[in-house]
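Here's upload.txt, which has compact mmCIF, C-alpha atoms:
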# COMPACT_ATOMS: atom_id res chain seq x y z
CA ALA A 106 0.00 0.00 0.00
CA GLN A 107 1.16 3.51 -0.69
CA SER A 108 1.30 6.00 2.15
CA VAL A 109 3.00 9.06 3.54
CA THR A 110 3.96 9.59 7.17
CA GLN A 111 4.94 12.96 8.56
CA LEU A 112 6.88 12.20 11.68
CA ASP A 113 6.11 15.38 13.61
CA SER A 114 2.71 16.97 13.96
CA HIS A 115 4.23 20.18 15.32
CA VAL A 116 7.71 21.73 15.01
CA SER A 117 8.79 24.91 16.77
CA VAL A 118 11.91 26.90 15.85
CA SER A 119 13.33 30.33 16.51
CA GLU A 120 13.70 32.84 13.72
CA GLY A 121 17.07 32.43 12.00
CA THR A 122 17.55 28.78 13.01
CA PRO A 123 17.32 25.79 10.65
CA VAL A 124 14.07 24.04 9.83
CA LEU A 125 13.68 20.27 9.42
CA LEU A 126 10.31 18.72 8.63
CA ARG A 127 10.46 14.95 8.33
CA CYS A 128 8.56 12.75 5.87
CA ASN A 129 8.72 9.02 5.15
CA TYR A 130 6.90 7.35 2.32
CA SER A 131 5.88 3.84 1.38
CA SER A 132 5.41 2.76 -2.23
CA SER A 133 6.11 -0.25 -4.41
CA TYR A 134 6.79 1.99 -7.41
CA SER A 135 9.12 4.84 -8.20
CA PRO A 136 7.46 7.72 -6.38
CA SER A 137 6.70 11.31 -7.26
CA LEU A 138 6.82 13.37 -4.09
CA PHE A 139 5.80 16.92 -3.26
CA TRP A 140 5.78 19.39 -0.41
CA TYR A 141 2.87 21.83 -0.19
CA VAL A 142 2.42 24.69 2.28
CA GLN A 143 -0.84 26.06 3.68
CA HIS A 144 -1.11 29.35 5.51
CA PRO A 145 -4.06 29.71 7.93
CA ASN A 146 -7.46 29.44 6.26
CA LYS A 147 -5.90 29.48 2.81
CA GLY A 148 -5.45 27.06 -0.05
CA LEU A 149 -2.27 25.11 -0.61
CA GLN A 150 0.79 26.20 -2.56
CA LEU A 151 3.45 23.96 -4.06
CA LEU A 152 6.89 24.34 -2.46
CA LEU A 153 8.78 21.75 -4.50
CA LYS A 154 8.48 18.39 -6.24
CA TYR A 155 10.61 15.34 -6.92
CA THR A 156 9.88 13.39 -10.11
CA SER A 157 12.89 11.07 -10.46
CA ALA A 158 15.39 13.65 -11.62
CA ALA A 159 17.94 15.15 -9.18
CA THR A 160 17.57 13.80 -5.65
CA LEU A 161 18.16 17.23 -4.08
CA VAL A 162 15.25 19.42 -5.02
CA LYS A 163 15.18 23.16 -4.53
CA GLY A 164 11.91 24.97 -4.05
CA ILE A 165 10.54 28.39 -3.40
CA ASN A 166 11.37 30.61 -0.40
CA GLY A 167 14.69 28.88 0.28
CA PHE A 168 13.27 25.43 1.00
CA GLU A 169 14.80 22.23 -0.29
CA ALA A 170 14.24 18.51 0.12
CA GLU A 171 16.36 15.44 -0.45
CA PHE A 172 14.98 12.19 -1.79
CA LYS A 173 16.65 9.20 -0.11
CA LYS A 174 15.45 5.93 -1.54
CA SER A 175 17.41 3.79 0.94
CA GLU A 176 15.70 5.54 3.82
CA THR A 177 12.33 6.07 2.03
CA SER A 178 12.49 9.67 3.17
CA PHE A 179 11.85 13.09 1.69
CA HIS A 180 12.66 15.57 4.45
CA LEU A 181 12.13 19.30 3.97
CA THR A 182 14.79 21.74 5.15
CA LYS A 183 15.54 25.44 5.23
CA PRO A 184 18.79 26.93 6.57
CA SER A 185 17.22 29.90 8.33
CA ALA A 186 13.59 30.23 9.40
CA HIS A 187 11.61 33.39 8.86
CA MET A 188 8.47 34.45 10.71
CA SER A 189 6.52 34.18 7.46
CA ASP A 190 7.36 30.45 7.27
CA ALA A 191 4.88 29.72 10.06
CA ALA A 192 2.27 27.52 8.37
CA GLU A 193 1.18 23.93 7.88
CA TYR A 194 3.29 21.75 5.61
CA PHE A 195 2.13 18.66 3.77
CA CYS A 196 4.26 15.89 2.33
CA VAL A 197 2.46 14.38 -0.66
CA LEU A 198 2.86 11.23 -2.76
CA ALA A 199 1.31 10.66 -6.18
CA ASN A 200 -0.57 7.36 -6.45
CA GLN A 201 0.74 4.60 -8.69
CA ALA A 202 -1.72 5.38 -11.46
CA GLY A 203 -0.61 8.99 -11.41
CA THR A 204 -4.19 10.19 -11.14
CA ALA A 205 -4.36 11.44 -7.56
CA LEU A 206 -2.33 12.69 -4.61
CA ILE A 207 -1.97 11.09 -1.19
CA PHE A 208 -1.43 13.61 1.58
CA GLY A 209 0.36 13.22 4.87
CA LYS A 210 -1.42 14.53 7.95
CA GLY A 211 0.62 17.70 8.02
CA THR A 212 3.23 19.37 10.22
CA THR A 213 2.53 22.72 11.80
CA LEU A 214 5.61 24.92 11.86
CA SER A 215 5.76 27.65 14.49
CA VAL A 216 8.46 30.33 14.34
CA SER A 217 9.22 32.50 17.35
CA SER A 218 11.17 35.73 17.42
CA ASP B 10 -5.78 37.21 -12.95
CA GLY B 11 -5.74 33.46 -13.50
CA GLY B 12 -6.75 31.24 -10.63
CA ILE B 13 -9.36 29.23 -8.81
CA THR B 14 -12.30 30.75 -7.00
CA GLN B 15 -14.45 29.01 -4.45
CA SER B 16 -17.69 30.29 -3.04
CA PRO B 17 -18.99 30.85 -0.53
CA LYS B 18 -16.18 31.26 1.98
CA TYR B 19 -18.44 29.99 4.77
CA LEU B 20 -21.53 27.82 4.34
CA PHE B 21 -24.04 26.67 6.90
CA ARG B 22 -26.07 23.54 6.46
CA LYS B 23 -29.20 22.49 8.29
CA GLU B 24 -29.96 18.87 9.06
CA GLY B 25 -31.29 17.02 6.02
CA GLN B 26 -30.32 19.78 3.62
CA ASN B 27 -28.25 19.45 0.46
CA VAL B 28 -25.76 22.25 -0.16
CA THR B 29 -23.59 23.01 -3.18
CA LEU B 30 -20.07 24.40 -3.12
CA SER B 31 -18.87 26.29 -6.15
CA CYS B 32 -15.46 25.94 -7.80
CA GLU B 33 -14.47 27.88 -10.91
CA GLN B 34 -11.10 28.07 -12.66
CA ASN B 35 -9.86 30.24 -15.51
CA LEU B 36 -6.53 28.45 -15.93
CA ASN B 37 -7.81 26.38 -18.88
CA HIS B 38 -6.98 23.21 -16.93
CA ASP B 39 -8.56 19.91 -17.90
CA ALA B 40 -8.40 18.29 -14.46
CA MET B 41 -10.21 19.38 -11.30
CA TYR B 42 -10.35 17.93 -7.81
CA TRP B 43 -12.28 18.20 -4.56
CA TYR B 44 -10.60 17.55 -1.20
CA ARG B 45 -11.88 17.51 2.33
CA GLN B 46 -9.62 18.72 5.15
CA ASP B 47 -10.22 17.86 8.79
CA PRO B 48 -7.93 18.97 11.63
CA GLY B 49 -4.94 16.65 11.95
CA GLN B 50 -6.07 14.52 9.00
CA GLY B 51 -4.43 16.10 6.02
CA LEU B 52 -6.43 16.28 2.79
CA ARG B 53 -8.58 13.44 1.49
CA LEU B 54 -9.78 13.18 -2.09
CA ILE B 55 -13.56 13.24 -2.63
CA TYR B 56 -13.91 13.33 -6.42
CA TYR B 57 -11.80 14.23 -9.42
CA SER B 58 -12.44 14.93 -13.07
CA GLN B 59 -9.92 14.76 -15.88
CA ILE B 60 -12.25 15.89 -18.64
CA VAL B 61 -15.65 17.46 -19.14
CA ASN B 62 -18.60 15.12 -18.54
CA ASP B 63 -16.43 12.58 -16.75
CA PHE B 64 -15.48 12.22 -13.07
CA GLN B 65 -14.18 9.57 -10.72
CA LYS B 66 -14.73 8.80 -7.04
CA GLY B 67 -11.91 9.43 -4.64
CA ASP B 68 -11.33 7.88 -1.25
CA ILE B 69 -14.33 9.42 0.54
CA ALA B 70 -17.04 9.98 -2.09
CA GLU B 71 -19.98 8.67 -0.04
CA GLY B 72 -22.49 11.43 0.70
CA TYR B 73 -21.12 13.73 -2.03
CA SER B 74 -21.94 14.29 -5.69
CA VAL B 75 -20.34 16.34 -8.47
CA SER B 76 -20.91 17.41 -12.04
CA ARG B 77 -18.57 18.60 -14.77
CA GLU B 78 -20.67 20.18 -17.50
CA LYS B 79 -18.15 22.90 -18.29
CA LYS B 80 -14.36 22.83 -18.30
CA GLU B 81 -14.09 25.74 -15.90
CA SER B 82 -16.63 24.58 -13.32
CA PHE B 83 -16.73 21.62 -10.91
CA PRO B 84 -19.44 22.08 -8.25
CA LEU B 85 -19.63 19.77 -5.24
CA THR B 86 -22.93 18.89 -3.58
CA VAL B 87 -22.88 17.74 0.01
CA THR B 88 -25.99 15.64 0.39
CA SER B 89 -28.01 14.80 3.48
CA ALA B 90 -26.42 11.35 3.36
CA GLN B 91 -23.12 12.86 4.51
CA LYS B 92 -23.53 12.57 8.25
CA ASN B 93 -20.44 14.51 9.29
CA PRO B 94 -20.03 17.31 6.74
CA THR B 95 -18.31 19.88 8.94
CA ALA B 96 -14.91 20.43 7.33
CA PHE B 97 -12.82 22.69 5.14
CA TYR B 98 -13.33 21.90 1.46
CA LEU B 99 -10.62 22.63 -1.09
CA CYS B 100 -10.91 22.61 -4.85
CA ALA B 101 -7.86 22.20 -7.06
CA SER B 102 -6.99 21.98 -10.73
CA SER B 103 -4.10 20.81 -12.88
CA ILE B 104 -3.28 20.92 -16.56
CA SER B 105 -4.20 17.39 -17.57
CA GLY B 106 -4.56 15.22 -14.47
CA ARG B 107 -1.12 13.64 -14.37
CA ALA B 108 -0.83 13.92 -10.61
CA GLY B 109 2.68 12.50 -10.57
CA GLN B 110 4.07 15.23 -12.77
CA GLU B 111 1.91 18.31 -12.50
CA THR B 112 1.38 20.99 -9.94
CA GLN B 113 -2.10 21.17 -8.49
CA TYR B 114 -3.36 24.71 -7.94
CA PHE B 115 -5.70 25.21 -5.01
CA GLY B 116 -8.55 27.57 -4.35
CA PRO B 117 -8.95 29.42 -1.02
CA GLY B 118 -11.44 26.88 0.36
CA THR B 119 -14.99 26.80 1.73
CA ARG B 120 -15.66 26.10 5.39
CA LEU B 121 -18.89 24.14 5.87
CA LEU B 122 -20.59 24.18 9.24
CA VAL B 123 -23.69 22.34 10.41
CA LEU B 124 -26.38 24.27 12.27
Structure encoded using structure tokens:
Amino acid sequence: AQSVTQLDSHVSVSEGTPVLLRCNYSSSYSPSLFWYVQHPNKGLQLLLKYTSAATLVKGINGFEAEFKKSETSFHLTKPSAHMSDAAEYFCVLANQAGTALIFGKGTTLSVSS
Amino acid sequence: DGGITQSPKYLFRKEGQNVTLSCEQNLNHDAMYWYRQDPGQGLRLIYYSQIVNDFQKGDIAEGYSVSREKKESFPLTVTSAQKNPTAFYLCASSISGRAGQETQYFGPGTRLLVL
């Protein structure tokens, strides 16, 4: 079965410190993986996507993620958090048919000054 | 401006009532999707459509219905059979429905509450 697990429901960091949001996936096929961000009461916006090209993927707003097949992980990182990064982040896997997305349960990132 | 609009922003439903959520896009995308979001649950797919006059059930289609008569419109009806409709509903679209390759663009959402 295909699934996505976000290992932390809530992460808190101070402004200017690194961000790490962890995601593991399970699939029997070569996965396409995404990170989306949702600010309060808003729709979702794509941060970055992995589709079997380079394993280190750079996204918007300084975020990046590394695909590690041996660890079945796709963790999201940012070197220095900004107050505007406070939001909910979703790790997402495309289903095997490529017709739909499977969402993790989300990680809420809080950034304090 | 190109994008996805959802209306209303808030919707109240009485017991036994059907309500319809609107989703319109002017991105010229073929594929459209409806998701339900509950706190701590992530997003779950209700229905999707890859072409006009065709749609497929997602993981939680029971109690919902959709239509796709026009490319730009994909309304969702929450029927009285949906016993727990309180949630945040998100509509999305993508160019052709290849979820593994394409970006999905999301609307701002409709929050449905039961009176």
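With all atoms listed in the file taken into account, the protein and nucleic acid residues at most 6 Å from Ser119 in chain A (excluding it and anything under 2 positions from it in its own chain) are Thr122, Val216, Ser217 and Ser218 of chain A.
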Please tabulate, as a tab-separated table, the residues of chain A that come within 7 Å of chain B, each with its closest pair of atoms and the distance in Å to one decimal, counting all atoms listed in the file and ordering rows by chain, then residue number upward.
residue	atom	partner	partner_atom	distance
A:Ser137	CA	B:Gly109	CA	5.3
A:Lys147	CA	B:Pro117	CA	4.9
A:Gly148	CA	B:Pro117	CA	4.3
A:Leu149	CA	B:Phe115	CA	5.6
A:Gln150	CA	B:Tyr114	CA	7.0
A:Leu151	CA	B:Thr112	CA	6.9
A:Thr156	CA	B:Gln110	CA	6.6
A:Ala199	CA	B:Gly109	CA	5.0
A:Gly203	CA	B:Gly109	CA	4.9
A:Thr204	CA	B:Ala108	CA	5.0
A:Ala205	CA	B:Ala108	CA	5.3
A:Leu206	CA	B:Ala108	CA	6.3
A:Phe208	CA	B:Leu52	CA	5.8
A:Gly209	CA	B:Gly51	CA	5.7
A:Lys210	CA	B:Gly51	CA	3.9
A:Gly211	CA	B:Gly51	CA	5.7
Enclose the full set of atoms of range 176-186 of chain A listed in the file within a box whose edges lie along x, y and z, apply 6 Å of padding to each of the six sides, and report centre and edge lengths in Å to one decimal as JSON.
{"center_x": 15.3, "center_y": 17.9, "center_z": 5.5, "size_x": 18.9, "size_y": 36.7, "size_z": 19.7}
Exercise. Write out as a ChimeraX atom specification each polymer residue whose atoms come within 6 Å of Arg77 in chain B, counting all atoms listed in the file; drop sequence neighbours fewer than 6 positions from it.
Key: /B:61-62,83
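Going from CA of Ser103 in chain B over to CA of Asn37 in chain B, you cover 9.0 Å.
Here CA of Gln65 in chain B stands at a distance of 26.0 Å from CA of Tyr19 in chain B.
Separating CA of Leu125 in chain A from CA of Ala106 in chain A is a distance of 26.2 Å.
In terms of minimum interatomic distance to Thr177 in chain A, A:Ser131 ranks closest within A:Lys163, A:Gln111, A:Ser131, A:Leu214, counting all atoms listed in the file.
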Exercise. Give me the residues within 7 Å of Gln34 in chain B as an MDAnalysis selection string, counting all atoms listed in the file and dropping any in the same chain fewer than 5 places off.
Key: chainID B and resid 12:14 81:82
Quiz item: Using all atoms listed in the file, which residues sit within 12 Å of Ile165 in chain A once same-chain residues fewer than 6 positions away are excluded, as a ChimeraX atom specification?
Solution: /A:140-142,150-154,181-183,190
Exercise. Find the residues around His180 in chain A up to 9 Å (only C-alpha atoms counted), leave out those fewer than 5 positions away in its own chain, and share them as number ranges by chain.
Key: A: 125-129, 169-173, 196
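Nearest to Tyr44 in chain B of all the residues B:Lys92, B:Lys80, B:Lys23, B:Lys66 is B:Lys66, counting all atoms listed in the file.
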Practice problem: Choose the residue, out of A:Leu138, A:Val109, A:Val124, A:Val116, that has the smallest atom-to-atom separation from Phe168 in chain A; count only C-alpha atoms. | Solution: A:Val124
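Take the candidates B:Ala70, B:Leu20, B:Leu30, B:Ile55 and check each one against Leu121 in chain B using all atoms listed in the file; the shortest distance goes to B:Leu20.
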Reconstruct N, CA and C atoms of range 122-145 of chain A from the incomplete input and present them as an mmCIF file, keeping the file's coordinate frame.
data_model
loop_
_atom_site.group_PDB
_atom_site.id
_atom_site.type_symbol
_atom_site.label_atom_id
_atom_site.label_comp_id
_atom_site.auth_asym_id
_atom_site.auth_seq_id
_atom_site.Cartn_x
_atom_site.Cartn_y
_atom_site.Cartn_z
ATOM 1 N N THR A 122 17.003 30.133 12.804
ATOM 2 C CA THR A 122 17.550 28.780 13.010
ATOM 3 C C THR A 122 17.052 27.843 11.907
ATOM 4 N N PRO A 123 17.727 26.696 11.736
ATOM 5 C CA PRO A 123 17.320 25.790 10.650
ATOM 6 C C PRO A 123 15.973 25.111 10.897
ATOM 7 N N VAL A 124 15.346 24.758 9.786
ATOM 8 C CA VAL A 124 14.070 24.040 9.830
ATOM 9 C C VAL A 124 14.271 22.642 9.255
ATOM 10 N N LEU A 125 13.699 21.641 9.930
ATOM 11 C CA LEU A 125 13.680 20.270 9.420
ATOM 12 C C LEU A 125 12.290 19.692 9.645
ATOM 13 N N LEU A 126 11.610 19.378 8.557
ATOM 14 C CA LEU A 126 10.310 18.720 8.630
ATOM 15 C C LEU A 126 10.470 17.345 7.995
ATOM 16 N N ARG A 127 10.125 16.301 8.753
ATOM 17 C CA ARG A 127 10.460 14.950 8.330
ATOM 18 C C ARG A 127 9.275 14.236 7.672
ATOM 19 N N CYS A 128 9.587 13.480 6.622
ATOM 20 C CA CYS A 128 8.560 12.750 5.870
ATOM 21 C C CYS A 128 9.123 11.416 5.419
ATOM 22 N N ASN A 129 8.401 10.339 5.703
ATOM 23 C CA ASN A 129 8.720 9.020 5.150
ATOM 24 C C ASN A 129 7.584 8.588 4.248
ATOM 25 N N TYR A 130 7.918 7.822 3.236
ATOM 26 C CA TYR A 130 6.900 7.350 2.320
ATOM 27 C C TYR A 130 6.983 5.830 2.175
ATOM 28 N N SER A 131 5.904 5.257 1.693
ATOM 29 C CA SER A 131 5.880 3.840 1.380
ATOM 30 C C SER A 131 5.239 3.659 0.015
ATOM 31 N N SER A 132 5.980 3.031 -0.911
ATOM 32 C CA SER A 132 5.410 2.760 -2.230
ATOM 33 C C SER A 132 6.173 1.614 -2.864
ATOM 34 N N SER A 133 5.485 0.874 -3.705
ATOM 35 C CA SER A 133 6.110 -0.250 -4.410
ATOM 36 C C SER A 133 6.564 0.184 -5.803
ATOM 37 N N TYR A 134 6.438 1.463 -6.098
ATOM 38 C CA TYR A 134 6.790 1.990 -7.410
ATOM 39 C C TYR A 134 7.708 3.190 -7.218
ATOM 40 N N SER A 135 8.270 3.675 -8.283
ATOM 41 C CA SER A 135 9.120 4.840 -8.200
ATOM 42 C C SER A 135 8.257 6.076 -7.922
ATOM 43 N N PRO A 136 8.438 6.709 -6.793
ATOM 44 C CA PRO A 136 7.460 7.720 -6.380
ATOM 45 C C PRO A 136 7.707 9.109 -6.965
ATOM 46 N N SER A 137 6.621 9.861 -7.095
ATOM 47 C CA SER A 137 6.700 11.310 -7.260
ATOM 48 C C SER A 137 6.244 11.921 -5.948
ATOM 49 N N LEU A 138 7.058 12.820 -5.414
ATOM 50 C CA LEU A 138 6.820 13.370 -4.090
ATOM 51 C C LEU A 138 6.796 14.890 -4.144
ATOM 52 N N PHE A 139 5.990 15.473 -3.287
ATOM 53 C CA PHE A 139 5.800 16.920 -3.260
ATOM 54 C C PHE A 139 5.773 17.404 -1.817
ATOM 55 N N TRP A 140 6.086 18.672 -1.635
ATOM 56 C CA TRP A 140 5.780 19.390 -0.410
ATOM 57 C C TRP A 140 4.899 20.586 -0.779
ATOM 58 N N TYR A 141 3.774 20.687 -0.049
ATOM 59 C CA TYR A 141 2.870 21.830 -0.190
ATOM 60 C C TYR A 141 2.826 22.571 1.146
ATOM 61 N N VAL A 142 2.563 23.880 1.084
ATOM 62 C CA VAL A 142 2.420 24.690 2.280
ATOM 63 C C VAL A 142 1.032 25.338 2.302
ATOM 64 N N GLN A 143 0.477 25.435 3.509
ATOM 65 C CA GLN A 143 -0.840 26.060 3.680
ATOM 66 C C GLN A 143 -0.769 27.073 4.814
ATOM 67 N N HIS A 144 -0.990 28.334 4.478
ATOM 68 C CA HIS A 144 -1.110 29.350 5.510
ATOM 69 C C HIS A 144 -2.541 29.357 6.038
ATOM 70 N N PRO A 145 -2.757 29.845 7.257
ATOM 71 C CA PRO A 145 -4.060 29.710 7.930
ATOM 72 C C PRO A 145 -5.238 30.111 7.062
#
